[in-house]
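Asker: A single structure is presented below for examination.
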Amino acid sequence: MIRPASFAFTVFGWLLPFGLSIAVQDGVQLQNPDSRVQSYLEGQREKISQLEATIASKDAEVQERKKAFLELTMISDESALRVAGDLVHDDSLEIAQEAVAVLSNEIVLTSAQHMSTTEIGNSSSLTYSRKRFKAAIAALQAASVDARSQVRLPALKSLVRISDQDAIDSLRKAAIGSEISQPEAVRICAQAASNFGKACVMDFLNSGSLEGKTAAISVLGSMPSERSMIRNKIFLNSSAEPKLRSAAANVLSSYDPKFSSYAFSVIADPQLPTEVYASTLKGFAISTQADGKLDAAQWVTIKEALNHKIQAVEKTKLQSDSDDLKVLRGLQKSFLSAPPVQ
């Protein structure tokens, strides 16, 4: 499967002995181009070597190694980045997790510079940042196949956010295998900065669990390009699962400025499931209020419609505390004092 060139990163020989400079794909040694930083690091060389020796020591206690690693991040983020790559498969789960956290932070710090235009891409500092970015990617890719889910999943999350397609595929598998909930997987995929992320969300809408589909609707309904699909195929589809239609009503009422123009026709359907009715009526009130059209007369009409619905349900339900009535009465209670607020 082909990836966009901007994200076509390959795992290269990352696991280097401590004390060496970070090597990148083109074989160039990674060194901060700022002479002031170089001078500072030269003065800290002995301290850095001591900390790296402690971190690498199999005889040192975990907390001592962790303390040394955190101190190293304060002295030299370049050294910490190199060492973090070595630590993602460390026998200590705590240290491996700390390494993934450092690598994930590196992605956040350098990703914006990595995606900068080629016009400013010739500067030595930007080249340095991009190499660091790629180095962090390689280390996270190594962490993303670790046998421990506490290491693997955080690495996958960071990689998905920068649209690493292998990570997106692995995240899907993790959700199917219940290592991670489908709603959480959807939320992570939604953060991916490419169409791969949207495709991932769409997969959950098409073949996910009810919870996964509901989460996907909440994401896709907020996107202008997918809003009509959520409206026509789910919200206006009387055959769709009520919980999905309810989720569609919630997101469309928040993001579709035309929601009030078609919502009332749905409310008028006498066969409309109660859950969908409640979400749609509340959404209609919210949408109308946002449009500045919720005057006193309109508000009275909405509350009267709800009262009539409650009366109709009461006539058909044997129990006065049925789930349908609980939903409607909860909405009625929220309507008592003032129009709903988003």
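Each chain in the structure tokens gets a letter, A, B, ..., in the order shown, and its residues are numbered from 1; ligands are numbered from 1 in order too.
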Would you please extract all helix (DSSP H, G or I) residues from region 173-326 of chain A, as assigned by DSSP on the backbone, and give them as a PyMOL selection string?

Answerer: chain A and resi 173-176+182-189+195-207+210-220+227-235+242-255+259-267+274-290+296-316+323-326

Asker: For C-alpha atoms, I'd like the residues from the last selection saved as a compact mmCIF listing (two decimals), in the first residue's frame.

Answerer:
```txt
# COMPACT_ATOMS: atom_id res chain seq x y z
CA LYS A 173 -6.66 -4.67 14.75
CA ALA A 174 -6.16 -3.63 18.38
CA ALA A 175 -9.76 -2.40 18.52
CA ILE A 176 -11.09 -5.58 16.92
CA GLN A 182 -13.64 1.09 19.40
CA PRO A 183 -14.79 4.59 20.43
CA GLU A 184 -11.25 5.39 21.58
CA ALA A 185 -9.82 4.00 18.34
CA VAL A 186 -12.22 6.23 16.38
CA ARG A 187 -11.17 9.30 18.37
CA ILE A 188 -7.50 8.55 17.72
CA CYS A 189 -8.05 7.93 14.00
CA ASN A 195 -7.44 10.89 4.51
CA PHE A 196 -6.09 7.68 6.03
CA GLY A 197 -7.56 8.79 9.35
CA LYS A 198 -10.96 9.51 7.83
CA ALA A 199 -10.90 6.14 6.06
CA CYS A 200 -10.20 4.50 9.41
CA VAL A 201 -13.21 6.24 10.97
CA MET A 202 -15.34 5.21 8.00
CA ASP A 203 -14.33 1.58 8.52
CA PHE A 204 -15.74 1.70 12.04
CA LEU A 205 -18.97 3.22 10.73
CA ASN A 206 -19.34 0.42 8.18
CA SER A 207 -18.26 -2.58 10.22
CA LEU A 210 -22.66 -0.25 17.86
CA GLU A 211 -20.39 1.84 20.09
CA GLY A 212 -17.79 2.14 17.34
CA LYS A 213 -20.40 3.22 14.80
CA THR A 214 -21.84 5.77 17.21
CA ALA A 215 -18.41 7.28 17.78
CA ALA A 216 -17.76 7.35 14.02
CA ILE A 217 -21.04 9.22 13.44
CA SER A 218 -20.03 11.83 16.01
CA VAL A 219 -16.78 12.43 14.09
CA LEU A 220 -18.06 12.23 10.51
CA ARG A 227 -22.39 15.58 6.77
CA SER A 228 -24.87 14.81 3.98
CA MET A 229 -24.01 11.12 4.19
CA ILE A 230 -24.71 11.04 7.93
CA ARG A 231 -27.95 12.96 7.36
CA ASN A 232 -29.31 10.92 4.46
CA LYS A 233 -28.07 7.41 5.17
CA ILE A 234 -28.53 7.45 8.94
CA PHE A 235 -30.61 10.26 10.41
CA PRO A 242 -32.29 4.04 16.59
CA LYS A 243 -29.11 4.60 18.61
CA LEU A 244 -27.28 5.57 15.44
CA ARG A 245 -30.06 7.92 14.37
CA SER A 246 -29.98 9.48 17.83
CA ALA A 247 -26.21 9.98 17.59
CA ALA A 248 -26.69 11.53 14.15
CA ALA A 249 -29.30 13.94 15.55
CA ASN A 250 -26.90 15.01 18.27
CA VAL A 251 -24.00 15.79 15.95
CA LEU A 252 -26.05 17.28 13.10
CA SER A 253 -27.90 19.63 15.43
CA SER A 254 -24.52 20.96 16.54
CA TYR A 255 -22.82 21.25 13.15
CA PHE A 259 -30.77 20.92 10.78
CA SER A 260 -33.94 22.71 11.87
CA SER A 261 -35.20 22.73 8.27
CA TYR A 262 -35.52 18.94 8.13
CA ALA A 263 -35.63 17.85 11.78
CA PHE A 264 -39.28 18.72 12.39
CA SER A 265 -40.43 16.37 9.61
CA VAL A 266 -38.65 13.56 11.46
CA ILE A 267 -40.28 14.50 14.76
CA THR A 274 -38.55 7.48 21.45
CA GLU A 275 -34.76 7.72 21.70
CA VAL A 276 -34.56 9.32 18.25
CA TYR A 277 -37.51 11.61 19.04
CA ALA A 278 -35.87 12.94 22.20
CA SER A 279 -32.50 13.61 20.53
CA THR A 280 -34.13 15.22 17.52
CA LEU A 281 -36.45 17.46 19.50
CA LYS A 282 -33.63 18.63 21.74
CA GLY A 283 -31.42 19.14 18.68
CA PHE A 284 -34.19 21.07 16.94
CA ALA A 285 -34.45 23.41 19.93
CA ILE A 286 -30.66 23.87 20.05
CA SER A 287 -30.41 24.47 16.30
CA THR A 288 -33.32 26.91 16.24
CA GLN A 289 -31.85 28.78 19.20
CA ALA A 290 -28.46 28.98 17.46
CA ALA A 296 -41.46 32.41 22.88
CA ALA A 297 -44.09 30.96 20.54
CA GLN A 298 -41.64 28.47 19.05
CA TRP A 299 -40.49 27.43 22.51
CA VAL A 300 -44.09 26.80 23.62
CA THR A 301 -44.66 24.70 20.48
CA ILE A 302 -41.62 22.55 21.23
CA LYS A 303 -42.68 21.92 24.84
CA GLU A 304 -46.25 21.14 23.79
CA ALA A 305 -44.99 18.64 21.23
CA LEU A 306 -43.00 16.92 23.97
CA ASN A 307 -45.99 16.84 26.32
CA HIS A 308 -48.16 15.26 23.62
CA LYS A 309 -45.48 12.65 22.96
CA ILE A 310 -45.31 11.77 26.66
CA GLN A 311 -49.09 11.39 26.81
CA ALA A 312 -49.07 9.16 23.75
CA VAL A 313 -46.34 6.93 25.18
CA GLU A 314 -48.11 6.72 28.55
CA LYS A 315 -51.16 5.26 26.81
CA THR A 316 -49.13 2.49 25.20
CA ASP A 323 -37.23 3.46 29.62
CA ASP A 324 -39.05 5.45 26.94
CA LEU A 325 -40.87 7.53 29.52
CA LYS A 326 -37.68 8.06 31.50
```

Asker: With distances taken over only C-alpha atoms, which residue among A:Ser170, A:Ser76, A:Ser238, A:Ser149 lies nearest Gly43 (chain A)?

Answerer: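 The closest residue to Gly43 (chain A) is A:Ser76.
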
Asker: Please determine, counting only C-alpha atoms, which residue among A:Leu70, A:Ile162, A:Leu171, A:Ile180 has the shortest atom-to-atom distance to Ser144 (chain A).

Answerer: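 With only C-alpha atoms as the atom set, the closest residue is A:Leu171.
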
Asker: Rank nothing, just name the residue among A:Ser79, A:Ser104, A:Ser194, A:Ser222 nearest to Leu153 (chain A), using only C-alpha atoms.

Answerer: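 Looking only at the distances to Leu153 (chain A), the closest residue turns out to be A:Ser104.
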
Asker: Using only C-alpha atoms, determine which residues lie at most 8 Å from Ala167 (chain A), disregarding the query and same-chain residues fewer than 5 positions distant; provide the list as a list in words.

Answerer: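 In the requested format, the answer is Gln141, Ser144, Leu156, Lys157, Leu159 and Val160 of chain A.
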
Asker: Mind writing the picked residues with C-alpha atoms as a tab-separated table (two decimals), in the first residue's frame?

Answerer:
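Okay, this is what ended up in part_4.tsv:
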```tsv
chain	number	residue	atom	x	y	z
A	141	GLN	CA	7.58	2.21	15.09
A	144	SER	CA	4.54	-0.20	18.24
A	156	LEU	CA	0.50	3.49	18.01
A	157	LYS	CA	-1.52	6.50	19.15
A	159	LEU	CA	2.03	7.32	15.07
A	160	VAL	CA	-1.63	7.42	14.03
```

Asker: Write out as a PyMOL selection string each polymer residue whose atoms come within 12 Å of Glu106 (chain A), counting only C-alpha atoms; drop sequence neighbours fewer than 3 positions from it.

Answerer: chain A and resi 73+77-78+80-82+84-85+99-103+109-114+129-140+158-159

Asker: With a distance cut-off of 9 Å and only C-alpha atoms, select the neighbouring residues of Leu41 (chain A), excluding the residue or stretch itself and same-chain residues fewer than 5 positions from it, and output the selection as a ChimeraX atom specification.

Answerer: /A:36,48,75-76
